[in-house]
$ cat data17.pdb   # PDB, C-alpha atoms, pLDDT in the B column
ATOM      1  CA  MET S   1       2.209 -17.202 -19.345  1.00 86.00           C
ATOM      2  CA  THR S   2       0.885 -15.516 -16.222  1.00 95.00           C
ATOM      3  CA  GLU S   3       0.696 -17.845 -13.213  1.00 96.00           C
ATOM      4  CA  ARG S   4      -2.309 -17.630 -10.903  1.00 98.00           C
ATOM      5  CA  ILE S   5      -1.472 -18.209  -7.259  1.00 98.00           C
ATOM      6  CA  ARG S   6      -3.107 -18.058  -3.853  1.00 98.00           C
ATOM      7  CA  PHE S   7      -1.024 -16.407  -1.153  1.00 98.00           C
ATOM      8  CA  HIS S   8      -1.911 -17.352   2.440  1.00 98.00           C
ATOM      9  CA  PHE S   9      -0.877 -14.936   5.162  1.00 98.00           C
ATOM     10  CA  ASP S  10      -1.154 -13.976   8.791  1.00 98.00           C
ATOM     11  CA  THR S  11      -1.017 -10.211   9.157  1.00 98.00           C
ATOM     12  CA  LEU S  12       1.277 -10.379  12.206  1.00 97.00           C
ATOM     13  CA  CYS S  13       4.256 -12.051  10.501  1.00 97.00           C
ATOM     14  CA  PRO S  14       6.866  -9.550   9.218  1.00 96.00           C
ATOM     15  CA  TRP S  15       8.558 -12.146   7.014  1.00 96.00           C
ATOM     16  CA  CYS S  16       5.238 -12.977   5.377  1.00 98.00           C
ATOM     17  CA  TYR S  17       4.521  -9.296   4.814  1.00 98.00           C
ATOM     18  CA  GLN S  18       7.905  -8.851   3.167  1.00 97.00           C
ATOM     19  CA  THR S  19       7.218 -11.781   0.832  1.00 98.00           C
ATOM     20  CA  SER S  20       3.802 -10.298   0.031  1.00 98.00           C
ATOM     21  CA  ARG S  21       5.498  -7.107  -1.163  1.00 98.00           C
ATOM     22  CA  TRP S  22       7.432  -9.257  -3.638  1.00 98.00           C
ATOM     23  CA  ILE S  23       4.149 -10.844  -4.771  1.00 98.00           C
ATOM     24  CA  HIS S  24       2.537  -7.424  -5.258  1.00 98.00           C
ATOM     25  CA  ARG S  25       5.459  -6.446  -7.478  1.00 98.00           C
ATOM     26  CA  LEU S  26       5.107  -9.654  -9.484  1.00 98.00           C
ATOM     27  CA  VAL S  27       1.446  -8.765 -10.031  1.00 98.00           C
ATOM     28  CA  GLU S  28       2.474  -5.321 -11.290  1.00 98.00           C
ATOM     29  CA  LEU S  29       4.997  -6.951 -13.632  1.00 98.00           C
ATOM     30  CA  GLY S  30       2.356  -9.304 -15.023  1.00 97.00           C
ATOM     31  CA  GLU S  31       4.200 -12.411 -13.826  1.00 98.00           C
ATOM     32  CA  VAL S  32       1.410 -13.591 -11.504  1.00 98.00           C
ATOM     33  CA  GLU S  33      -2.221 -13.044 -10.693  1.00 98.00           C
ATOM     34  CA  ALA S  34      -2.817 -13.332  -6.950  1.00 98.00           C
ATOM     35  CA  ASP S  35      -5.691 -14.372  -4.772  1.00 98.00           C
ATOM     36  CA  TRP S  36      -5.272 -13.871  -1.037  1.00 98.00           C
ATOM     37  CA  GLY S  37      -6.073 -16.345   1.716  1.00 98.00           C
ATOM     38  CA  VAL S  38      -5.729 -16.398   5.485  1.00 98.00           C
ATOM     39  CA  PHE S  39      -3.688 -18.599   7.793  1.00 98.00           C
ATOM     40  CA  SER S  40      -3.725 -18.245  11.580  1.00 98.00           C
ATOM     41  CA  LEU S  41      -0.473 -18.472  13.511  1.00 97.00           C
ATOM     42  CA  ALA S  42      -2.554 -18.349  16.692  1.00 97.00           C
ATOM     43  CA  ILE S  43      -4.407 -21.512  15.664  1.00 97.00           C
ATOM     44  CA  VAL S  44      -1.397 -23.487  14.449  1.00 96.00           C
ATOM     45  CA  ASN S  45       0.576 -22.561  17.594  1.00 95.00           C
ATOM     46  CA  ASP S  46      -2.351 -22.743  20.018  1.00 92.00           C
ATOM     47  CA  GLY S  47      -1.211 -22.964  23.634  1.00 87.00           C
ATOM     48  CA  SER S  48       2.479 -22.375  22.978  1.00 91.00           C
ATOM     49  CA  GLU S  49       4.448 -19.883  25.049  1.00 93.00           C
ATOM     50  CA  GLU S  50       6.107 -18.497  21.914  1.00 87.00           C
ATOM     51  CA  SER S  51       2.727 -17.724  20.359  1.00 90.00           C
ATOM     52  CA  ARG S  52       1.592 -15.956  23.526  1.00 90.00           C
ATOM     53  CA  ARG S  53       4.842 -13.958  23.684  1.00 90.00           C
ATOM     54  CA  LYS S  54       4.586 -12.934  20.039  1.00 90.00           C
ATOM     55  CA  GLY S  55       0.934 -11.929  20.451  1.00 91.00           C
ATOM     56  CA  HIS S  56      -0.360 -14.022  17.566  1.00 95.00           C
ATOM     57  CA  ALA S  57      -3.928 -13.659  18.856  1.00 94.00           C
ATOM     58  CA  LYS S  58      -3.763  -9.960  17.971  1.00 95.00           C
ATOM     59  CA  ALA S  59      -4.133 -10.893  14.290  1.00 97.00           C
ATOM     60  CA  ALA S  60      -7.736 -12.050  14.803  1.00 98.00           C
ATOM     61  CA  ARG S  61      -9.282  -8.625  14.148  1.00 98.00           C
ATOM     62  CA  SER S  62      -7.474  -8.086  10.848  1.00 98.00           C
ATOM     63  CA  LEU S  63      -7.972 -11.683   9.691  1.00 98.00           C
ATOM     64  CA  ARG S  64     -11.696 -11.466  10.409  1.00 98.00           C
ATOM     65  CA  THR S  65     -11.734  -8.167   8.531  1.00 98.00           C
ATOM     66  CA  VAL S  66     -10.135  -9.938   5.561  1.00 98.00           C
ATOM     67  CA  VAL S  67     -13.169 -12.254   5.459  1.00 98.00           C
ATOM     68  CA  ALA S  68     -15.543  -9.279   5.496  1.00 98.00           C
ATOM     69  CA  VAL S  69     -13.540  -7.471   2.807  1.00 98.00           C
ATOM     70  CA  ARG S  70     -13.538 -10.514   0.544  1.00 98.00           C
ATOM     71  CA  GLU S  71     -17.291 -10.980   0.926  1.00 98.00           C
ATOM     72  CA  ALA S  72     -17.962  -7.312   0.206  1.00 98.00           C
ATOM     73  CA  GLU S  73     -15.371  -6.466  -2.456  1.00 98.00           C
ATOM     74  CA  GLY S  74     -13.522  -9.610  -3.618  1.00 97.00           C
ATOM     75  CA  SER S  75      -9.975 -10.924  -3.498  1.00 96.00           C
ATOM     76  CA  ALA S  76      -8.247  -7.932  -5.097  1.00 97.00           C
ATOM     77  CA  ALA S  77      -9.572  -5.779  -2.271  1.00 98.00           C
ATOM     78  CA  VAL S  78      -8.084  -8.230   0.226  1.00 98.00           C
ATOM     79  CA  GLY S  79      -4.689  -7.692  -1.390  1.00 98.00           C
ATOM     80  CA  ARG S  80      -5.050  -3.927  -1.011  1.00 98.00           C
ATOM     81  CA  PHE S  81      -6.156  -4.233   2.610  1.00 98.00           C
ATOM     82  CA  TYR S  82      -3.308  -6.594   3.487  1.00 98.00           C
ATOM     83  CA  ALA S  83      -0.795  -4.196   1.914  1.00 98.00           C
ATOM     84  CA  ALA S  84      -2.224  -1.336   3.986  1.00 98.00           C
ATOM     85  CA  ILE S  85      -2.534  -3.154   7.326  1.00 98.00           C
ATOM     86  CA  GLY S  86       0.885  -4.737   6.789  1.00 98.00           C
ATOM     87  CA  ALA S  87       2.459  -1.318   6.304  1.00 98.00           C
ATOM     88  CA  ALA S  88       0.730  -0.056   9.446  1.00 98.00           C
ATOM     89  CA  ILE S  89       1.954  -2.969  11.563  1.00 97.00           C
ATOM     90  CA  HIS S  90       5.397  -3.628  10.155  1.00 96.00           C
ATOM     91  CA  GLN S  91       6.546  -0.267   8.820  1.00 95.00           C
ATOM     92  CA  ARG S  92       4.896   2.112  11.294  1.00 96.00           C
ATOM     93  CA  GLY S  93       4.703  -0.151  14.365  1.00 96.00           C
ATOM     94  CA  GLU S  94       0.968   0.282  14.886  1.00 97.00           C
ATOM     95  CA  ASP S  95      -1.192  -2.086  16.942  1.00 96.00           C
ATOM     96  CA  ALA S  96      -2.832  -4.816  14.851  1.00 95.00           C
ATOM     97  CA  ASP S  97      -5.638  -5.149  17.407  1.00 96.00           C
ATOM     98  CA  ASP S  98      -6.554  -1.454  17.415  1.00 97.00           C
ATOM     99  CA  PRO S  99      -9.913  -0.859  15.670  1.00 98.00           C
ATOM    100  CA  GLU S 100      -8.706   2.544  14.480  1.00 98.00           C
ATOM    101  CA  VAL S 101      -5.614   1.025  12.875  1.00 98.00           C
ATOM    102  CA  VAL S 102      -7.797  -1.476  11.014  1.00 98.00           C
ATOM    103  CA  ALA S 103     -10.226   1.275   9.980  1.00 98.00           C
ATOM    104  CA  GLY S 104      -7.315   3.398   8.743  1.00 98.00           C
ATOM    105  CA  ALA S 105      -5.977   0.523   6.665  1.00 98.00           C
ATOM    106  CA  LEU S 106      -9.415  -0.006   5.161  1.00 98.00           C
ATOM    107  CA  ARG S 107      -9.592   3.673   4.202  1.00 98.00           C
ATOM    108  CA  GLU S 108      -6.098   3.513   2.704  1.00 98.00           C
ATOM    109  CA  ALA S 109      -7.212   0.530   0.628  1.00 98.00           C
ATOM    110  CA  GLY S 110     -10.268   2.441  -0.633  1.00 98.00           C
ATOM    111  CA  LEU S 111     -12.684   0.347   1.419  1.00 98.00           C
ATOM    112  CA  ASP S 112     -15.486   0.993   3.897  1.00 98.00           C
ATOM    113  CA  PRO S 113     -13.798   1.645   7.275  1.00 98.00           C
ATOM    114  CA  ALA S 114     -16.830   0.135   9.030  1.00 98.00           C
ATOM    115  CA  LEU S 115     -15.962  -3.328   7.702  1.00 98.00           C
ATOM    116  CA  GLY S 116     -13.653  -3.989  10.647  1.00 98.00           C
ATOM    117  CA  ASP S 117     -16.351  -3.411  13.234  1.00 98.00           C
ATOM    118  CA  LYS S 118     -18.845  -5.388  11.158  1.00 98.00           C
ATOM    119  CA  ALA S 119     -16.415  -8.293  11.015  1.00 98.00           C
ATOM    120  CA  MET S 120     -15.951  -8.319  14.790  1.00 98.00           C
ATOM    121  CA  ALA S 121     -19.708  -8.183  15.374  1.00 98.00           C
ATOM    122  CA  ASP S 122     -20.273 -11.341  13.340  1.00 98.00           C
ATOM    123  CA  ASN S 123     -18.970 -14.618  14.795  1.00 97.00           C
ATOM    124  CA  ALA S 124     -19.180 -16.130  11.315  1.00 98.00           C
ATOM    125  CA  THR S 125     -16.041 -14.230  10.311  1.00 98.00           C
ATOM    126  CA  TRP S 126     -13.925 -16.073  12.893  1.00 98.00           C
ATOM    127  CA  GLU S 127     -15.536 -19.357  11.891  1.00 98.00           C
ATOM    128  CA  ALA S 128     -14.544 -18.570   8.291  1.00 98.00           C
ATOM    129  CA  VAL S 129     -10.925 -17.905   9.321  1.00 98.00           C
ATOM    130  CA  GLN S 130     -10.830 -21.210  11.178  1.00 98.00           C
ATOM    131  CA  ALA S 131     -12.387 -23.104   8.268  1.00 98.00           C
ATOM    132  CA  GLU S 132     -10.027 -21.596   5.671  1.00 98.00           C
ATOM    133  CA  HIS S 133      -7.015 -22.322   7.854  1.00 98.00           C
ATOM    134  CA  ALA S 134      -8.141 -25.904   8.458  1.00 98.00           C
ATOM    135  CA  ALA S 135      -8.869 -26.546   4.785  1.00 98.00           C
ATOM    136  CA  LEU S 136      -5.408 -25.361   3.739  1.00 98.00           C
ATOM    137  CA  VAL S 137      -3.671 -27.472   6.393  1.00 98.00           C
ATOM    138  CA  GLU S 138      -5.737 -30.541   5.578  1.00 98.00           C
ATOM    139  CA  ARG S 139      -5.117 -30.365   1.831  1.00 97.00           C
ATOM    140  CA  THR S 140      -1.496 -29.188   1.724  1.00 97.00           C
ATOM    141  CA  ARG S 141      -0.154 -29.917   5.253  1.00 96.00           C
ATOM    142  CA  SER S 142       0.869 -26.258   5.458  1.00 96.00           C
ATOM    143  CA  PHE S 143       2.407 -25.166   8.757  1.00 96.00           C
ATOM    144  CA  GLY S 144       3.233 -21.475   8.500  1.00 97.00           C
ATOM    145  CA  VAL S 145       3.360 -18.326   6.424  1.00 98.00           C
ATOM    146  CA  PRO S 146       3.982 -17.287   3.778  1.00 98.00           C
ATOM    147  CA  THR S 147       2.378 -20.208   1.958  1.00 98.00           C
ATOM    148  CA  ILE S 148       1.988 -20.019  -1.812  1.00 98.00           C
ATOM    149  CA  VAL S 149      -0.421 -22.349  -3.589  1.00 98.00           C
ATOM    150  CA  LEU S 150      -0.131 -22.659  -7.368  1.00 98.00           C
ATOM    151  CA  ASP S 151      -2.910 -23.163  -9.935  1.00 97.00           C
ATOM    152  CA  GLY S 152      -5.131 -20.541  -8.333  1.00 96.00           C
ATOM    153  CA  GLY S 153      -5.141 -22.299  -4.991  1.00 96.00           C
ATOM    154  CA  ASP S 154      -5.869 -25.785  -6.310  1.00 97.00           C
ATOM    155  CA  GLY S 155      -2.298 -26.899  -7.025  1.00 98.00           C
ATOM    156  CA  PRO S 156       0.787 -27.765  -4.998  1.00 98.00           C
ATOM    157  CA  ALA S 157       1.798 -25.525  -2.104  1.00 98.00           C
ATOM    158  CA  ILE S 158       5.075 -24.418  -0.584  1.00 97.00           C
ATOM    159  CA  PHE S 159       6.150 -22.477   2.496  1.00 97.00           C
ATOM    160  CA  GLY S 160       8.126 -19.379   1.603  1.00 96.00           C
ATOM    161  CA  PRO S 161      10.199 -18.002   0.148  1.00 97.00           C
ATOM    162  CA  VAL S 162      11.414 -16.145   3.228  1.00 96.00           C
ATOM    163  CA  ILE S 163      13.160 -12.997   2.019  1.00 96.00           C
ATOM    164  CA  SER S 164      14.710 -10.062   3.840  1.00 94.00           C
ATOM    165  CA  GLU S 165      14.427  -7.487   1.058  1.00 94.00           C
ATOM    166  CA  VAL S 166      12.178  -7.060  -1.950  1.00 96.00           C
ATOM    167  CA  PRO S 167      14.415  -8.080  -4.877  1.00 97.00           C
ATOM    168  CA  SER S 168      14.997  -6.150  -8.085  1.00 98.00           C
ATOM    169  CA  ASP S 169      12.463  -6.752 -10.824  1.00 98.00           C
ATOM    170  CA  ASP S 170      14.690  -9.187 -12.719  1.00 98.00           C
ATOM    171  CA  ASP S 171      15.508 -11.104  -9.552  1.00 98.00           C
ATOM    172  CA  ALA S 172      11.861 -11.040  -8.466  1.00 98.00           C
ATOM    173  CA  VAL S 173      10.764 -12.811 -11.641  1.00 98.00           C
ATOM    174  CA  GLU S 174      13.697 -15.234 -11.580  1.00 98.00           C
ATOM    175  CA  LEU S 175      13.013 -16.112  -7.929  1.00 98.00           C
ATOM    176  CA  PHE S 176       9.367 -16.815  -8.608  1.00 98.00           C
ATOM    177  CA  ARG S 177      10.108 -19.067 -11.561  1.00 98.00           C
ATOM    178  CA  HIS S 178      12.532 -21.105  -9.473  1.00 98.00           C
ATOM    179  CA  VAL S 179      10.035 -21.326  -6.597  1.00 98.00           C
ATOM    180  CA  ALA S 180       7.232 -22.408  -8.920  1.00 98.00           C
ATOM    181  CA  TRP S 181       9.436 -25.068 -10.528  1.00 98.00           C
ATOM    182  CA  LEU S 182      10.481 -26.495  -7.163  1.00 97.00           C
ATOM    183  CA  THR S 183       6.889 -26.451  -5.924  1.00 97.00           C
ATOM    184  CA  ARG S 184       5.817 -28.604  -8.869  1.00 97.00           C
ATOM    185  CA  TYR S 185       8.787 -30.970  -8.567  1.00 97.00           C
ATOM    186  CA  GLU S 186       7.331 -33.728  -6.403  1.00 95.00           C
ATOM    187  CA  ASN S 187      10.741 -35.154  -5.542  1.00 97.00           C
ATOM    188  CA  PHE S 188      11.610 -31.928  -3.653  1.00 95.00           C
ATOM    189  CA  SER S 189      10.476 -31.288  -0.102  1.00 93.00           C
ATOM    190  CA  GLU S 190      12.840 -28.988   1.791  1.00 91.00           C
ATOM    191  CA  LEU S 191      15.699 -26.510   1.383  1.00 90.00           C
ATOM    192  CA  LYS S 192      16.723 -24.183   4.197  1.00 90.00           C
ATOM    193  CA  ARG S 193      19.524 -22.059   5.610  1.00 88.00           C
ATOM    194  CA  ASP S 194      19.798 -19.694   8.572  1.00 88.00           C
ATOM    195  CA  ARG S 195      18.384 -16.218   8.103  1.00 83.00           C
ATOM    196  CA  THR S 196      21.328 -13.932   7.526  1.00 79.00           C
ATOM    197  CA  MET S 197      19.453 -10.590   7.562  1.00 80.00           C
ATOM    198  CA  MET S 198      16.445  -9.190   9.361  1.00 82.00           C
ATOM    199  CA  PRO S 199      13.596  -8.060   7.117  1.00 86.00           C
ATOM    200  CA  ASP S 200      14.141  -4.633   5.603  1.00 82.00           C
ATOM    201  CA  LEU S 201      11.364  -3.065   7.693  1.00 85.00           C
ATOM    202  CA  GLU S 202      11.334  -0.229  10.196  1.00 76.00           C
ATOM    203  CA  THR S 203       9.932  -2.451  12.947  1.00 78.00           C
ATOM    204  CA  SER S 204      12.630  -5.095  12.529  1.00 70.00           C
ATOM    205  CA  GLY S 205      15.278  -2.809  13.969  1.00 57.00           C
ATOM    206  CA  ALA S 206      17.269  -2.943  10.766  1.00 48.00           C
ATOM    207  CA  GLY S 207      15.426  -0.246   8.874  1.00 47.00           C
ATOM    208  CA  PRO S 208      15.712   0.382   5.170  1.00 42.00           C
ATOM    209  CA  ARG S 209      19.138   0.473   3.609  1.00 42.00           C
ATOM    210  CA  PRO S 210      20.419   3.915   2.569  1.00 38.00           C
ATOM    211  CA  PRO S 211      20.356   4.657  -1.154  1.00 34.00           C
ATOM    212  CA  ALA S 212      23.351   3.337  -3.073  1.00 32.00           C
TER
END
$ encode --input "data17.pdb" --output "structure tokens"
Amino acid sequence: MTERIRFHFDTLCPWCYQTSRWIHRLVELGEVEADWGVFSLAIVNDGSEESRRKGHAKAARSLRTVVAVREAEGSAAVGRFYAAIGAAIHQRGEDADDPEVVAGALREAGLDPALGDKAMADNATWEAVQAEHAALVERTRSFGVPTIVLDGGDGPAIFGPVISEVPSDDDAVELFRHVAWLTRYENFSELKRDRTMMPDLETSGAGPRPPA
């Protein structure tokens, strides 16, 4: 049976973007149906030196655009926009805060390129980002991205999985089924090991692996 999930993201996180590519493939395989929600690393890390150094505030334009896209075209359009802006930021090294980069991602996603400017002209879009972030944290105690919420966003939530490469189709499905089982197992709270590989993205410095 297809599982409906809600995937919360901040556009600036390369690890989250990599996990989202796995989710997009699961959608294509019919394993999940995905809704897309925002989470702000700038808000959760407000005032920290690390957040300032990493430029988390630069995600505000694209996150506010997500709100405008959802209002205009629905959640599926958000998924397309996130895929496009994520590729721009994490595969081509473009500036997340550049209006032209956002407009280009909107065009790539088949959306009105003016939505980015409209989002920035309306303070309600930032209020919506703040409210969505706060609601997720309050209900699930989420602290970072990627965060996956089962049952269409109404069920249990889990941080991760953090992956370096998009797995093969068989592994992608197997990984999701394990993650979903652990998320529903109330006796489980944490499992972690050091990251052994950088994400397989051009901007990570590792770059894609050569063909086998």
$ closest_atom_pairs --input "data17.pdb" --of "segment 14-45 of chain S" --to "segment 182-202 of chain S" --cutoff "12 Å" --atoms "all atoms listed in the file" --output "CSV"
residue,atom,partner,partner_atom,distance
S:Pro14,CA,S:Pro199,CA,7.2
S:Trp15,CA,S:Pro199,CA,6.5
S:Cys16,CA,S:Pro199,CA,9.9
S:Tyr17,CA,S:Pro199,CA,9.4
S:Gln18,CA,S:Pro199,CA,7.0
S:Thr19,CA,S:Pro199,CA,9.7
S:Arg21,CA,S:Asp200,CA,11.3
$ resolve_selection --input "data17.pdb" --expression "the PyMOL selection byres ((chain S and resi 87-100) around 12)" --output "ChimeraX atom specification"
/S:10-18,20-21,55-65,80-86,101-109,113-120,199-208
$ resolve_selection --input "data17.pdb" --expression "the PyMOL selection byres ((chain S and resi 31) around 9)" --output "ChimeraX atom specification"
/S:1-4,25-30,32-33,173,176
$ resolve_selection --input "data17.pdb" --expression "the PyMOL selection byres ((chain S and resi 143) around 10)" --output "JSON, numbers by chain"
{"S": [39, 40, 41, 44, 45, 133, 136, 137, 140, 141, 142, 144, 145, 146, 147, 158, 159]}
$ residues_around --input "data17.pdb" --residues "Asp35 of chain S" --least-positions-apart "4" --cutoff "7 Å" --atoms "only C-alpha atoms" --output "list in words"
Ile5, Arg6, Phe7, Ser75 and Ala76 of chain S
$ residues_near_point --input "data17.pdb" --point "(11.5, -21.8, -1.7)" --cutoff "7 Å" --atoms "only C-alpha atoms" --output "PyMOL selection string"
chain S and resi 159-161+179
$ atom_distance --input "data17.pdb" --atom1 "atom CA of Ser48 of chain S" --atom2 "atom CA of Thr125 of chain S"
23.9 Å
$ atom_distance --input "data17.pdb" --atom1 "atom CA of Val78 of chain S" --atom2 "atom CA of Ala42 of chain S"
20.1 Å
$ atom_distance --input "data17.pdb" --atom1 "atom CA of Gly37 of chain S" --atom2 "atom CA of Phe9 of chain S"
6.4 Å
$ closest_residue --input "data17.pdb" --among "S:Ala131, S:Val38, S:Ala157, S:Ala121" --to "Arg70 of chain S" --atoms "all atoms listed in the file"
S:Val38
$ axis_aligned_box --input "data17.pdb" --around "segment 40-47 of chain S" --padding-each-side "6 Å" --output "AutoDock Vina command-line options"
--center_x -1.9 --center_y -20.9 --center_z 17.6 --size_x 17.0 --size_y 17.2 --size_z 24.1
